[in-house]
Amino acid sequence: MSTDGNSPGGRPSGPMFAESLGPGVVLGETYEITRLIGRGGMGAVWEAKHLRLPGRFVAIKVLLGGGGSAEILSRFRREVEIASRLGHPNIVEAIDFNTLPDGTPYQVLERLLGESLGERLRRGPIALAETMALVRQIASGLAAAHREGIVHRDLKPENIFLCPPPDDSPIPRVKILDFGISKMRGAQTFKTQESVVMGTPQYMSPEQASGNNQAVDERTDVFALGAIVYEMLSGHMAFAGDNVLTVMVQVMQGQPTPLQQVMPSLPASVVAAVEAALQKDLAKRCPNVAAFVQALTGRPLDARTGPVPAAPGFAVGDALAATLPPEAAAGLSAVAHTQAPRAPAAPTAKVKRTGPGVLLALVGACALTAGAFFFLKGSVHAPPAPVDPTTVAAPPPAATPPAPAPVAPLAPAPAVVAPAFSKPPPAATGSSSRPGREVVPPEVAAELAEAEALLAAGQTKEAARKAKHSLFGAKTSRAYKVLTRAACAEGDLTNARAAFLNVARAERKSVVAACLKSGLDLQ
């Protein structure tokens, strides 16, 4: 079935409504729907295949009921525009935006295979080493949004998707979803006016819960991330209650059960980092996700920024960085789960803790960082968007090009996705530009050749842009080689290592050598 009124098979034609979509329907003469991924009260997500790119599958996200209110329509379009603008590997990839003949809008997003972090947490807590590796990826995507002046405002486990790693790494690849209620710096739309409460109560910051939306900034996402890390490590929500009002009161006035009491085996620096992220006073909270990641893992988020300043006596090295060797990480995982029985949640419980100076030192560190952050923020421009990072913090194993992946469930709708880590569709076929190279569509091969020429000419940013764009047509090791070398040339070790994870084993030696010439060691 097509959307132009010429329905094959003798079926009657007519206006196309979102409720009538189904397998065989072609949208925009490009995407043929194959099956339903998930459906909620306000929308549905369909799997579709690209008719001109063999092996390319996408997810079509459609609003039901004629599109809804002007506010919902605005959020819906905003979500795909922001994802497209950021173009970060830890943020769901936006491919297209269009409307059905009846005016109902739809998004075309990458298809993600796997499960949400919320689904993963329903099976229990996550080991410390894996938590650190996942948090570095989440923070990398958030930092890219924050550099563009975008605050997510609804960060929660259901909006964090865990995809199969592109190689034999045990750490899933993170994708952040749903920027529908995000706030842009300086925006004055109905979505950012005072006294309008936006977000999910259990992960909402105090400033959001009180309706003080003018105070919302990147520290709002730091609070939400802190609540998520608390839950990842403990298996319990930081803020919980029988109803929404109770939860919001806890967020504004209560305290979660001390993490040290729930997880006695955790390093004091990890406990202090989470507690600092959950500070209700914005002035005392860590100023950005980079400061939180360094406090949590003992290593800076981005090699370009260097270490976050810390107060005297603040030992971040004890946090056990997420980039430990596999055998050390495995040992850390065992230690993290060798713990005393968990205490029941008691948000207002007071317990005697060891090492209170760690938290005080961290608060001091965050205060110093805040001063430096806001001074620099007013005097320099934001750095360019990252090349193509994913911050899985583990030594680079052998990699193969990543599979095309499904999409997140709709913002208001419950998550319904493909089975976790199911087998991806076959790779794209076509002609390659040189013998022995990956078989890719001709247009992709041409774009990659142009990217390589730009890289050879020293135009690293444009080369990275071309290589990233080629990934829309086919996921290739060749593209990730360009992205890795471009990041190395820019001195960006974090992004270089992330892209390097997708480079084929046989091609890694030459990439490592090229990066060494730029002064960066990928090993």
# chains A, B, ... in the order shown; residues from 1 in each chain; ligands from 1
$ residues_around --residues "A:Ile95" --least-positions-apart "6" --cutoff "12 Å" --atoms "only C-alpha atoms" --output "ChimeraX atom specification"
/A:31,50,56-61,79-85,87,106-111,407,469,471-473
$ select_by_dssp --residues "stretch 91-243 of chain A" --states "strand (DSSP E or B)" --output "list in words"
Ile91, Ala94, Ile95, Asp96, Phe97, Asn98, Thr99, Pro105, Tyr106, Gln107, Val108, Leu109, Glu110, Glu115, Ser116, Ile150, Val151, Ile160, Phe161, Leu162, Cys163, Asp167, Arg173, Val174, Lys175, Ile176, Lys183 and Met184 of chain A
$ atom_distance --atom1 "atom CA of A:Gly211" --atom2 "atom CA of A:Val271"
28.6 Å
$ atom_distance --atom1 "atom CA of A:Gly28" --atom2 "atom CA of A:Ala48"
11.9 Å
$ closest_residue --among "A:Glu452, A:Asp167, A:Glu231, A:Glu462" --to "A:Lys481" --atoms "only C-alpha atoms"
A:Glu452
$ atom_distance --atom1 "atom CA of A:Gly114" --atom2 "atom CA of A:Phe161"
7.3 Å
$ residues_around --residues "A:Ser234" --least-positions-apart "6" --cutoff "9 Å" --atoms "only C-alpha atoms" --output "list of chain:residue names"
A:Gly124, A:Pro125, A:Ile126, A:Leu259, A:Val262, A:Met263, A:Arg342
$ residues_around --residues "A:Tyr230" --least-positions-apart "2" --cutoff "12 Å" --atoms "only C-alpha atoms" --output "JSON, numbers by chain"
{"A": [121, 125, 126, 127, 128, 131, 132, 135, 156, 157, 202, 203, 223, 224, 225, 226, 227, 228, 232, 233, 234, 235, 236, 237, 238, 239, 256, 257, 258, 259, 260, 262, 263, 266, 270, 271, 272, 273, 274, 275, 276, 277, 278, 296]}
$ write_last_selection --atoms "N, CA and C atoms" --output "short mmCIF file (atom, residue, chain, number, x, y, z; two decimals), in the first residue's frame"
data_model
loop_
_atom_site.label_atom_id
_atom_site.label_comp_id
_atom_site.auth_asym_id
_atom_site.auth_seq_id
_atom_site.Cartn_x
_atom_site.Cartn_y
_atom_site.Cartn_z
N LEU A 121 17.02 -2.37 34.88
CA LEU A 121 17.00 -2.20 36.33
C LEU A 121 15.93 -3.04 37.00
N PRO A 125 20.22 -4.41 40.51
CA PRO A 125 21.26 -3.37 40.39
C PRO A 125 22.35 -3.77 39.40
N ILE A 126 23.19 -2.80 39.07
CA ILE A 126 24.26 -3.00 38.10
C ILE A 126 25.59 -2.84 38.81
N ALA A 127 26.55 -3.69 38.48
CA ALA A 127 27.87 -3.66 39.11
C ALA A 127 28.54 -2.31 38.91
N LEU A 128 29.42 -1.96 39.84
CA LEU A 128 30.05 -0.64 39.82
C LEU A 128 30.81 -0.37 38.53
N THR A 131 28.39 0.22 35.74
CA THR A 131 27.70 1.50 35.97
C THR A 131 28.57 2.66 35.53
N MET A 132 29.85 2.62 35.90
CA MET A 132 30.76 3.70 35.51
C MET A 132 30.87 3.81 33.99
N VAL A 135 27.64 5.28 32.64
CA VAL A 135 27.48 6.69 33.02
C VAL A 135 28.38 7.58 32.15
N LYS A 156 15.70 9.90 32.54
CA LYS A 156 15.22 8.82 33.39
C LYS A 156 15.61 7.50 32.75
N PRO A 157 15.56 6.39 33.48
CA PRO A 157 15.99 5.11 32.91
C PRO A 157 15.24 4.72 31.64
N GLN A 202 10.16 11.04 39.93
CA GLN A 202 11.23 10.31 40.62
C GLN A 202 12.63 10.80 40.24
N TYR A 203 12.77 11.47 39.11
CA TYR A 203 14.08 11.93 38.65
C TYR A 203 14.09 13.44 38.44
N PHE A 223 21.38 16.41 38.50
CA PHE A 223 20.57 15.86 39.58
C PHE A 223 19.89 14.56 39.13
N ALA A 224 19.28 14.60 37.93
CA ALA A 224 18.61 13.41 37.41
C ALA A 224 19.61 12.27 37.22
N LEU A 225 20.80 12.58 36.70
CA LEU A 225 21.81 11.55 36.51
C LEU A 225 22.25 10.96 37.84
N GLY A 226 22.37 11.81 38.86
CA GLY A 226 22.72 11.33 40.19
C GLY A 226 21.67 10.36 40.73
N ALA A 227 20.38 10.68 40.51
CA ALA A 227 19.31 9.79 40.95
C ALA A 227 19.35 8.47 40.20
N ILE A 228 19.69 8.52 38.91
CA ILE A 228 19.78 7.30 38.10
C ILE A 228 20.95 6.44 38.58
N MET A 232 21.01 2.64 39.87
CA MET A 232 21.81 1.62 39.20
C MET A 232 22.66 0.83 40.21
N LEU A 233 23.21 1.53 41.19
CA LEU A 233 24.09 0.89 42.16
C LEU A 233 23.32 0.16 43.25
N SER A 234 22.20 0.72 43.68
CA SER A 234 21.48 0.18 44.84
C SER A 234 20.30 -0.72 44.47
N GLY A 235 19.74 -0.51 43.28
CA GLY A 235 18.53 -1.23 42.91
C GLY A 235 17.27 -0.59 43.43
N HIS A 236 17.39 0.57 44.12
CA HIS A 236 16.24 1.29 44.66
C HIS A 236 16.21 2.71 44.10
N MET A 237 15.02 3.25 43.89
CA MET A 237 14.91 4.65 43.49
C MET A 237 15.37 5.55 44.64
N ALA A 238 16.02 6.64 44.30
CA ALA A 238 16.45 7.59 45.32
C ALA A 238 15.25 8.26 45.97
N PHE A 239 14.23 8.54 45.18
CA PHE A 239 13.02 9.21 45.68
C PHE A 239 11.81 8.40 45.25
N PRO A 256 17.29 10.70 50.27
CA PRO A 256 17.24 9.24 50.04
C PRO A 256 17.97 8.50 51.15
N THR A 257 17.67 7.23 51.30
CA THR A 257 18.45 6.39 52.22
C THR A 257 19.92 6.50 51.83
N PRO A 258 20.81 6.81 52.79
CA PRO A 258 22.22 7.00 52.43
C PRO A 258 22.75 5.83 51.62
N LEU A 259 23.41 6.14 50.52
CA LEU A 259 23.92 5.10 49.63
C LEU A 259 24.94 4.23 50.34
N GLN A 260 25.69 4.81 51.25
CA GLN A 260 26.69 4.04 52.00
C GLN A 260 26.02 2.99 52.87
N VAL A 262 23.08 1.53 52.11
CA VAL A 262 22.52 0.52 51.20
C VAL A 262 23.62 -0.32 50.58
N MET A 263 24.76 0.31 50.27
CA MET A 263 25.88 -0.37 49.59
C MET A 263 27.17 -0.12 50.37
N LEU A 266 30.78 0.17 48.63
CA LEU A 266 31.16 1.20 47.65
C LEU A 266 32.28 2.08 48.18
N VAL A 270 32.79 7.38 45.58
CA VAL A 270 31.60 7.15 44.76
C VAL A 270 30.36 7.63 45.49
N VAL A 271 30.26 7.28 46.77
CA VAL A 271 29.12 7.72 47.59
C VAL A 271 29.07 9.25 47.62
N ALA A 272 30.22 9.89 47.83
CA ALA A 272 30.26 11.35 47.91
C ALA A 272 29.86 11.98 46.59
N ALA A 273 30.28 11.39 45.46
CA ALA A 273 29.93 11.95 44.15
C ALA A 273 28.43 11.94 43.93
N VAL A 274 27.78 10.82 44.27
CA VAL A 274 26.33 10.73 44.09
C VAL A 274 25.62 11.71 45.01
N GLU A 275 26.07 11.82 46.26
CA GLU A 275 25.43 12.74 47.19
C GLU A 275 25.60 14.19 46.73
N ALA A 276 26.76 14.51 46.15
CA ALA A 276 26.97 15.87 45.65
C ALA A 276 26.08 16.18 44.46
N ALA A 277 25.85 15.18 43.60
CA ALA A 277 24.96 15.38 42.45
C ALA A 277 23.52 15.58 42.90
N LEU A 278 23.15 15.04 44.06
CA LEU A 278 21.77 15.13 44.55
C LEU A 278 21.57 16.28 45.53
N LEU A 296 33.00 10.68 40.20
CA LEU A 296 32.49 9.31 40.30
C LEU A 296 33.54 8.28 39.89
#
$ decode --residues "stretch 476-487 of chain A" --atoms "all heavy atoms" --output "short mmCIF file (atom, residue, chain, number, x, y, z; two decimals), in the first residue's frame"
data_model
loop_
_atom_site.label_atom_id
_atom_site.label_comp_id
_atom_site.auth_asym_id
_atom_site.auth_seq_id
_atom_site.Cartn_x
_atom_site.Cartn_y
_atom_site.Cartn_z
N THR A 476 30.17 1.53 8.48
CA THR A 476 31.39 0.94 7.94
C THR A 476 32.58 1.21 8.85
O THR A 476 32.68 2.26 9.49
CB THR A 476 31.72 1.50 6.55
OG1 THR A 476 32.01 2.90 6.67
CG2 THR A 476 30.55 1.29 5.59
N SER A 477 33.50 0.25 8.87
CA SER A 477 34.75 0.45 9.59
C SER A 477 35.54 1.60 8.97
O SER A 477 36.23 2.35 9.66
CB SER A 477 35.58 -0.84 9.53
OG SER A 477 36.87 -0.64 10.07
N ARG A 478 35.41 1.75 7.68
CA ARG A 478 36.12 2.81 6.96
C ARG A 478 35.73 4.19 7.48
O ARG A 478 36.58 5.07 7.67
CB ARG A 478 35.80 2.69 5.47
CG ARG A 478 36.63 3.56 4.55
CD ARG A 478 36.26 3.22 3.11
NE ARG A 478 36.80 4.17 2.17
CZ ARG A 478 36.46 4.22 0.89
NH1 ARG A 478 35.60 3.32 0.41
NH2 ARG A 478 36.99 5.13 0.08
N ALA A 479 34.43 4.38 7.75
CA ALA A 479 33.98 5.67 8.29
C ALA A 479 34.54 5.90 9.68
O ALA A 479 34.99 7.01 10.02
CB ALA A 479 32.45 5.71 8.32
N TYR A 480 34.55 4.84 10.50
CA TYR A 480 35.05 5.01 11.86
C TYR A 480 36.56 5.20 11.89
O TYR A 480 37.10 5.82 12.83
CB TYR A 480 34.62 3.80 12.71
CG TYR A 480 33.17 3.86 13.09
CD1 TYR A 480 32.24 3.01 12.52
CD2 TYR A 480 32.73 4.79 14.01
CE1 TYR A 480 30.90 3.08 12.86
CE2 TYR A 480 31.39 4.87 14.36
CZ TYR A 480 30.47 4.02 13.79
OH TYR A 480 29.15 4.11 14.14
N LYS A 481 37.27 4.71 10.87
CA LYS A 481 38.70 5.02 10.78
C LYS A 481 38.91 6.51 10.60
O LYS A 481 39.78 7.10 11.25
CB LYS A 481 39.32 4.26 9.59
CG LYS A 481 39.56 2.78 9.83
CD LYS A 481 40.04 2.08 8.56
CE LYS A 481 41.31 2.69 8.01
NZ LYS A 481 41.74 2.03 6.76
N VAL A 482 38.12 7.12 9.74
CA VAL A 482 38.23 8.57 9.52
C VAL A 482 37.89 9.31 10.80
O VAL A 482 38.59 10.25 11.21
CB VAL A 482 37.31 9.01 8.37
CG1 VAL A 482 37.29 10.54 8.25
CG2 VAL A 482 37.75 8.39 7.05
N LEU A 483 36.80 8.90 11.46
CA LEU A 483 36.39 9.57 12.69
C LEU A 483 37.44 9.45 13.78
O LEU A 483 37.70 10.40 14.52
CB LEU A 483 35.05 9.00 13.17
CG LEU A 483 33.84 9.33 12.30
CD1 LEU A 483 32.63 8.51 12.72
CD2 LEU A 483 33.52 10.82 12.38
N THR A 484 38.07 8.27 13.89
CA THR A 484 39.11 8.07 14.90
C THR A 484 40.30 8.97 14.62
O THR A 484 40.80 9.68 15.52
CB THR A 484 39.56 6.61 14.92
OG1 THR A 484 38.43 5.76 15.16
CG2 THR A 484 40.59 6.38 16.02
N ARG A 485 40.77 8.97 13.39
CA ARG A 485 41.95 9.77 13.06
C ARG A 485 41.66 11.27 13.16
O ARG A 485 42.53 12.05 13.58
CB ARG A 485 42.44 9.41 11.66
CG ARG A 485 43.01 7.99 11.55
CD ARG A 485 43.57 7.71 10.17
NE ARG A 485 44.62 8.68 9.82
CZ ARG A 485 45.19 8.75 8.63
NH1 ARG A 485 44.84 7.89 7.67
NH2 ARG A 485 46.12 9.66 8.38
N ALA A 486 40.44 11.67 12.80
CA ALA A 486 40.08 13.09 12.92
C ALA A 486 40.07 13.51 14.38
O ALA A 486 40.55 14.59 14.73
CB ALA A 486 38.71 13.33 12.29
N ALA A 487 39.54 12.65 15.26
CA ALA A 487 39.52 12.97 16.68
C ALA A 487 40.94 13.04 17.24
O ALA A 487 41.26 13.91 18.05
CB ALA A 487 38.70 11.93 17.44
#
